[in-house]
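Colleague: Dropping in target-v5.cif, with mmCIF, C-alpha atoms and all ligand atoms.
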data_input
loop_
_atom_site.label_atom_id
_atom_site.label_comp_id
_atom_site.auth_asym_id
_atom_site.auth_seq_id
_atom_site.Cartn_x
_atom_site.Cartn_y
_atom_site.Cartn_z
CA MET A 32 26.25 56.89 -12.24
CA GLN A 33 24.80 55.77 -15.55
CA MET A 34 26.06 52.21 -14.91
CA LYS A 35 24.36 52.20 -11.54
CA MET A 36 21.10 53.39 -13.07
CA LYS A 37 21.26 50.69 -15.71
CA LEU A 38 21.89 48.04 -13.08
CA ILE A 39 18.91 49.20 -11.01
CA LEU A 40 16.69 49.24 -14.07
CA THR A 41 17.81 45.73 -14.96
CA ILE A 42 17.03 44.51 -11.47
CA ILE A 43 13.60 46.12 -11.52
CA SER A 44 12.69 44.76 -14.93
CA THR A 45 13.95 41.30 -14.01
CA ALA A 46 11.88 41.39 -10.85
CA LEU A 47 8.84 42.49 -12.89
CA LEU A 48 9.42 39.72 -15.37
CA PHE A 49 9.53 37.11 -12.66
CA SER A 50 6.45 38.36 -10.87
CA ALA A 51 4.58 38.56 -14.18
CA CYS A 52 5.69 35.03 -14.89
CA SER A 53 4.56 33.60 -11.63
CA ASN A 54 1.14 35.19 -12.16
CA THR A 55 0.59 33.54 -15.50
CA GLN A 56 2.08 30.17 -14.63
CA PRO A 57 -0.36 27.30 -14.23
CA GLN A 58 -1.38 26.48 -10.69
CA GLU A 59 0.99 24.32 -8.71
CA ALA A 60 0.24 20.59 -8.47
CA PRO A 61 -2.31 19.98 -5.71
CA LYS A 62 -0.91 19.24 -2.27
CA LYS A 63 -1.18 15.68 -1.08
CA VAL A 64 -3.41 14.77 1.83
CA LEU A 65 -2.29 11.13 1.63
CA SER A 66 1.08 9.74 0.57
CA GLU A 67 1.18 7.42 -2.46
CA GLU A 68 1.69 4.47 -0.13
CA GLU A 69 -1.35 5.43 1.96
CA VAL A 70 -3.47 5.76 -1.19
CA LYS A 71 -2.37 2.32 -2.39
CA PHE A 72 -3.07 0.84 1.03
CA GLU A 73 -6.65 2.22 0.94
CA ALA A 74 -7.11 0.95 -2.60
CA ARG A 75 -5.86 -2.54 -1.80
CA LYS A 76 -8.21 -2.72 1.17
CA ALA A 77 -11.21 -1.66 -0.95
CA ILE A 78 -10.41 -4.10 -3.76
CA ARG A 79 -10.14 -6.92 -1.23
CA VAL A 80 -13.70 -6.13 -0.10
CA VAL A 81 -15.30 -5.86 -3.55
CA GLY A 82 -13.08 -8.20 -5.59
CA GLY A 83 -13.11 -10.77 -2.80
CA ALA A 84 -16.91 -10.78 -2.66
CA PHE A 85 -17.17 -11.13 -6.46
CA MET A 86 -14.77 -14.08 -6.54
CA GLN A 87 -16.36 -15.83 -3.57
CA THR A 88 -19.84 -15.44 -5.03
CA LEU A 89 -18.73 -16.72 -8.44
CA LYS A 90 -17.16 -19.78 -6.81
CA ALA A 91 -20.20 -20.42 -4.62
CA LYS A 92 -22.63 -20.14 -7.54
CA VAL A 93 -20.58 -22.56 -9.67
CA ARG A 94 -20.41 -24.98 -6.74
CA GLU A 95 -24.18 -24.71 -6.12
CA GLY A 96 -25.41 -25.20 -9.65
CA GLY A 97 -22.61 -25.12 -12.21
CA LEU A 98 -21.59 -22.44 -14.68
CA SER A 99 -25.12 -21.81 -15.95
CA ASN A 100 -26.19 -21.03 -12.41
CA ALA A 101 -23.27 -18.62 -12.05
CA ALA A 102 -24.07 -17.04 -15.43
CA THR A 103 -27.69 -16.53 -14.39
CA PHE A 104 -26.62 -14.95 -11.13
CA CYS A 105 -23.95 -12.66 -12.63
CA SER A 106 -26.29 -11.54 -15.41
CA ALA A 107 -29.03 -10.57 -12.98
CA HIS A 108 -27.51 -9.68 -9.63
CA THR A 109 -24.06 -8.14 -10.06
CA ASP A 110 -25.44 -4.67 -9.22
CA ASP A 111 -27.21 -5.92 -6.08
CA LEU A 112 -24.07 -7.73 -4.95
CA TYR A 113 -22.02 -4.63 -5.60
CA ASN A 114 -24.42 -2.38 -3.65
CA GLU A 115 -24.41 -4.83 -0.78
CA VAL A 116 -20.63 -5.17 -0.45
CA SER A 117 -20.06 -1.45 -1.00
CA LYS A 118 -21.61 -0.86 2.40
CA ASN A 119 -18.41 -2.33 3.85
CA LEU A 120 -16.18 0.27 2.16
CA ASP A 121 -14.78 3.21 4.12
CA GLU A 122 -16.54 6.55 3.70
CA GLY A 123 -15.43 8.40 0.58
CA VAL A 124 -14.22 5.18 -1.09
CA SER A 125 -15.87 3.49 -4.06
CA VAL A 126 -14.76 0.74 -6.44
CA LYS A 127 -15.80 -0.05 -9.99
CA ARG A 128 -14.54 -2.23 -12.78
CA ILE A 129 -13.66 -0.56 -16.08
CA THR A 130 -12.62 -1.97 -19.43
CA ASP A 131 -12.31 -1.08 -23.12
CA LYS A 132 -14.38 -4.18 -24.03
CA PRO A 133 -17.36 -4.23 -21.67
CA ARG A 134 -20.10 -6.78 -21.29
CA ASN A 135 -22.14 -4.32 -19.25
CA MET A 136 -21.88 -0.90 -20.96
CA GLN A 137 -21.87 0.77 -17.54
CA ASN A 138 -18.33 -0.58 -17.16
CA MET A 139 -17.03 1.16 -20.30
CA ALA A 140 -13.97 3.27 -19.46
CA THR A 141 -14.22 7.02 -20.13
CA ASP A 142 -11.78 8.61 -22.61
CA GLU A 143 -9.55 9.69 -19.73
CA GLN A 144 -9.61 6.20 -18.22
CA LEU A 145 -8.97 4.60 -21.62
CA LEU A 146 -5.68 6.49 -21.84
CA VAL A 147 -4.56 4.99 -18.53
CA LEU A 148 -5.69 1.50 -19.61
CA LYS A 149 -3.75 1.91 -22.87
CA GLU A 150 -0.64 2.84 -20.93
CA ILE A 151 -1.04 -0.25 -18.71
CA GLN A 152 -1.62 -2.42 -21.80
CA ARG A 153 1.58 -1.06 -23.37
CA LYS A 154 3.60 -1.92 -20.27
CA PHE A 155 1.91 -5.30 -20.09
CA ASN A 156 2.85 -6.07 -23.72
CA ASN A 157 6.46 -5.12 -22.95
CA ASN A 158 6.48 -7.44 -19.94
CA GLU A 159 7.07 -4.46 -17.65
CA ARG A 160 5.88 -4.71 -14.08
CA ILE A 161 2.32 -3.40 -13.79
CA GLY A 162 1.34 -2.48 -10.29
CA MET A 163 -1.30 0.02 -9.26
CA VAL A 164 -1.47 3.38 -11.04
CA VAL A 165 -2.36 6.37 -8.84
CA LYS A 166 -3.83 9.56 -10.33
CA GLN A 167 -4.40 12.58 -8.13
CA LYS A 168 -7.53 14.49 -9.20
CA SER A 169 -7.36 17.26 -6.59
CA GLU A 170 -5.82 17.89 -3.19
CA ASN A 171 -7.92 15.22 -1.44
CA HIS A 172 -9.20 13.14 -4.37
CA TYR A 173 -7.34 10.14 -5.80
CA GLN A 174 -8.09 7.44 -8.35
CA VAL A 175 -6.26 4.13 -8.34
CA TYR A 176 -6.19 1.63 -11.21
CA LYS A 177 -5.45 -2.00 -10.37
CA PRO A 178 -5.07 -4.17 -13.51
CA ILE A 179 -7.30 -7.26 -13.91
CA ILE A 180 -5.72 -10.24 -15.70
CA MET A 181 -7.72 -13.14 -17.13
CA MET A 182 -7.44 -16.61 -15.60
CA ALA A 183 -8.38 -19.90 -17.25
CA LYS A 184 -11.63 -20.21 -15.26
CA CYS A 185 -12.82 -16.81 -16.53
CA LEU A 186 -12.84 -18.11 -20.09
CA ASN A 187 -15.98 -20.16 -19.46
CA CYS A 188 -17.85 -16.88 -19.88
CA HIS A 189 -15.24 -14.61 -21.53
CA GLY A 190 -13.32 -16.94 -23.84
CA ASP A 191 -13.51 -17.88 -27.53
CA SER A 192 -15.50 -20.59 -29.33
CA LYS A 193 -13.09 -23.24 -28.00
CA THR A 194 -13.03 -22.25 -24.35
CA ILE A 195 -16.44 -20.70 -23.71
CA ASN A 196 -19.13 -22.74 -21.96
CA LYS A 197 -22.00 -22.78 -24.48
CA GLU A 198 -24.78 -23.23 -21.97
CA ALA A 199 -23.51 -20.47 -19.71
CA TYR A 200 -22.84 -18.12 -22.59
CA GLU A 201 -26.34 -18.57 -23.98
CA ILE A 202 -27.64 -17.10 -20.74
CA VAL A 203 -25.09 -14.28 -20.78
CA SER A 204 -25.66 -13.30 -24.42
CA LYS A 205 -29.43 -13.05 -23.88
CA LYS A 206 -28.89 -10.46 -21.17
CA TYR A 207 -26.02 -8.66 -22.98
CA PRO A 208 -26.67 -8.82 -26.75
CA GLN A 209 -23.92 -6.22 -27.34
CA ASP A 210 -21.34 -8.12 -25.29
CA MET A 211 -17.76 -7.21 -26.21
CA ALA A 212 -16.11 -9.13 -23.34
CA ILE A 213 -15.27 -12.37 -25.18
CA ASN A 214 -12.34 -13.93 -27.07
CA TYR A 215 -9.98 -13.48 -24.14
CA LYS A 216 -7.19 -15.90 -23.34
CA ALA A 217 -5.71 -16.73 -19.97
CA GLY A 218 -3.12 -14.10 -19.07
CA ASP A 219 -4.79 -11.33 -21.14
CA PHE A 220 -5.17 -7.83 -19.73
CA ARG A 221 -8.89 -7.35 -19.18
CA GLY A 222 -9.32 -3.93 -17.56
CA ALA A 223 -8.97 -2.55 -14.06
CA PHE A 224 -10.52 -2.05 -10.70
CA LEU A 225 -10.88 1.72 -10.37
CA VAL A 226 -10.86 2.85 -6.75
CA ASP A 227 -12.05 6.39 -6.11
CA ILE A 228 -10.86 7.86 -2.82
CA ILE A 229 -11.98 11.21 -1.40
CA LYS A 230 -10.45 12.03 1.99
C1 LIG B 1 -20.36 -17.50 -15.05
C2 LIG B 1 -19.92 -16.58 -16.05
C3 LIG B 1 -18.74 -15.67 -15.76
C4 LIG B 1 -17.49 -16.05 -15.33
C5 LIG B 1 -16.97 -17.46 -15.03
C6 LIG B 1 -16.72 -14.81 -15.25
N1 LIG B 1 -17.48 -13.75 -15.61
FE1 LIG B 1 -16.85 -11.81 -15.74
N2 LIG B 1 -18.75 -11.22 -16.16
C7 LIG B 1 -19.84 -12.07 -16.31
C8 LIG B 1 -21.03 -11.28 -16.48
C9 LIG B 1 -22.44 -11.82 -16.70
C10 LIG B 1 -20.63 -9.92 -16.41
C11 LIG B 1 -21.51 -8.69 -16.49
C12 LIG B 1 -21.95 -8.36 -15.07
C13 LIG B 1 -22.33 -6.94 -14.88
O1 LIG B 1 -23.44 -6.58 -15.25
O2 LIG B 1 -21.49 -6.21 -14.36
C14 LIG B 1 -19.19 -9.94 -16.20
C15 LIG B 1 -18.42 -8.80 -16.07
C16 LIG B 1 -17.06 -8.78 -15.85
C17 LIG B 1 -16.27 -7.57 -15.71
C18 LIG B 1 -16.78 -6.15 -15.73
C19 LIG B 1 -16.51 -5.47 -17.03
C20 LIG B 1 -17.52 -5.77 -18.11
O3 LIG B 1 -17.09 -6.32 -19.13
O4 LIG B 1 -18.70 -5.44 -17.94
C21 LIG B 1 -14.99 -7.97 -15.49
C22 LIG B 1 -13.77 -7.07 -15.27
C23 LIG B 1 -14.99 -9.42 -15.48
N3 LIG B 1 -16.27 -9.89 -15.72
C24 LIG B 1 -13.87 -10.18 -15.27
C25 LIG B 1 -13.92 -11.56 -15.03
C26 LIG B 1 -12.78 -12.32 -14.55
C27 LIG B 1 -11.40 -11.75 -14.27
C28 LIG B 1 -13.22 -13.60 -14.40
C29 LIG B 1 -12.44 -14.78 -13.85
C30 LIG B 1 -11.96 -14.64 -12.50
C31 LIG B 1 -14.63 -13.63 -14.82
N4 LIG B 1 -15.01 -12.36 -15.18
C32 LIG B 1 -15.40 -14.77 -14.83
C33 LIG B 1 -19.80 -13.45 -16.31
C34 LIG B 1 -18.73 -14.22 -15.92
#
Translate this file's structure into structure tokens.

Modeller:
Amino acid sequence: MQMKMKLILTIISTALLFSACSNTQPQEAPKKVLSEEEVKFEARKAIRVVGGAFMQTLKAKVREGGLSNAATFCSAHTDDLYNEVSKNLDEGVSVKRITDKPRNMQNMATDEQLLVLKEIQRKFNNNERIGMVVKQKSENHYQVYKPIIMMAKCLNCHGDSKTINKEAYEIVSKKYPQDMAINYKAGDFRGAFLVDIIK
């Protein structure tokens, strides 16, 4: 009889322990509205719209009037161009560029974003594959980081004293006296497109 009583008490206290536990445990990870593949698909689509427009415009402005012309345009009209192309994004989707060394301070990564950029940089330095990084913020809210790598043609406005185009950079530095986005080399990790998706 005593054994039985003990057993019952043990079962009850164990049950209590578990229920107490589950009450104090942190909330479960949010459910997913989209799969990781669906999120990446949305992100790729959005970056094609915004990144594509930026690249096309840069090319067109260089073709029209050389690097100084492009520098003048980028220094004055990047926001307008962004607002214009953003109209083509799906509802609930936005794209921005973030970096730890901004030219335009509005593109400075937040502390949380800097941690993700650092992690990408670490992988990059180790020659690990760096694809898109997906962070789920809540059940229906995702943020996707797509690394941006420097190409030789970028150095005209983001390079060092050897590679930078002096004329173009004079225009840039007037508009951005606090510019940090220089001294890059081709192949350097520059920052990321950050795609925000709310479904
Ligand atoms: C003609 C000069 C010029 C060239 C060439 C150029 N950029 Fe820029 N870049 C700028 C200017 C000016 C800004 C600041 C625009 C703004 O206000 O967002 C900028 C901003 C950026 C930003 C946003 C982050 C920040 O620092 O504010 C990224 C990322 C970037 N450039 C990457 C590139 C890449 C990659 C290339 C090559 C494909 C490139 N740039 C070529 C002039 C240039």

Colleague: Taking all atoms listed in the file into account, which of A:Pro61, A:Gly123, A:Gly97, A:Pro133 comes nearest ligand LIG 1 (chain B)?

Modeller: A:Pro133

Colleague: Kindly indicate which residue among A:Tyr215, A:Tyr200, A:Tyr173, A:Phe220 lies nearest to Lys149 of chain A, using only C-alpha atoms for the distances.

Modeller: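 The closest residue to Lys149 of chain A is A:Phe220.
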
Colleague: Dump the neighbourhood of ligand LIG 1 (chain B) as a ChimeraX atom specification: all residues within 8 Å, distances computed on all atoms listed in the file.

Modeller: /A:86,89,93,98-110,128-130,132-139,179-189,199-200,203,206-207,210-212,221-224

Colleague: So how many Å separate atom CA of Leu225 of chain A and atom CA of Leu145 of chain A, to one decimal?

Modeller: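 Separation of atom CA of Leu225 of chain A and atom CA of Leu145 of chain A: 11.8 Å.
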
Colleague: Mind pulling up the distance from atom CA of Leu146 of chain A to atom CA of Lys230 of chain A?

Modeller: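 Atom-to-atom, atom CA of Lys230 of chain A and atom CA of Leu146 of chain A are spaced 24.9 Å apart.
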
Colleague: Please indicate the distance in Å from atom CA of Gly83 of chain A to atom CA of Val116 of chain A, rounded to one decimal place.

Modeller: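 Distance reported for this atom pair: 9.7 Å.
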
Colleague: Find, counting only C-alpha atoms, the residue in A:Lys177, A:Arg153, A:Lys166, A:Lys197 that gets nearest to Lys76 of chain A.

Modeller: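 Once distances to Lys76 of chain A are computed over only C-alpha atoms, the minimum belongs to A:Lys177.
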
Colleague: Give me the residues within 12 Å of Gln167 of chain A as a PyMOL selection string, counting all atoms listed in the file and dropping any in the same chain fewer than 2 places off.

Modeller: chain A and resi 60-67+70-71+164-165+169-176+226-230

Colleague: Could you check which of A:Val126, A:Asp111, A:Asp219, A:Lys168 is closest to Gln152 of chain A, using only C-alpha atoms?

Modeller: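 For Gln152 of chain A, the nearest of the given residues is A:Asp219.
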
Colleague: Would you pick out the contacts of Arg160 of chain A at 10 Å or less, using all atoms listed in the file, so that residues sharing its chain but fewer than 5 positions from it are not included, and give the list as a VMD selection string?

Modeller: chain A and resid 151 154 to 155
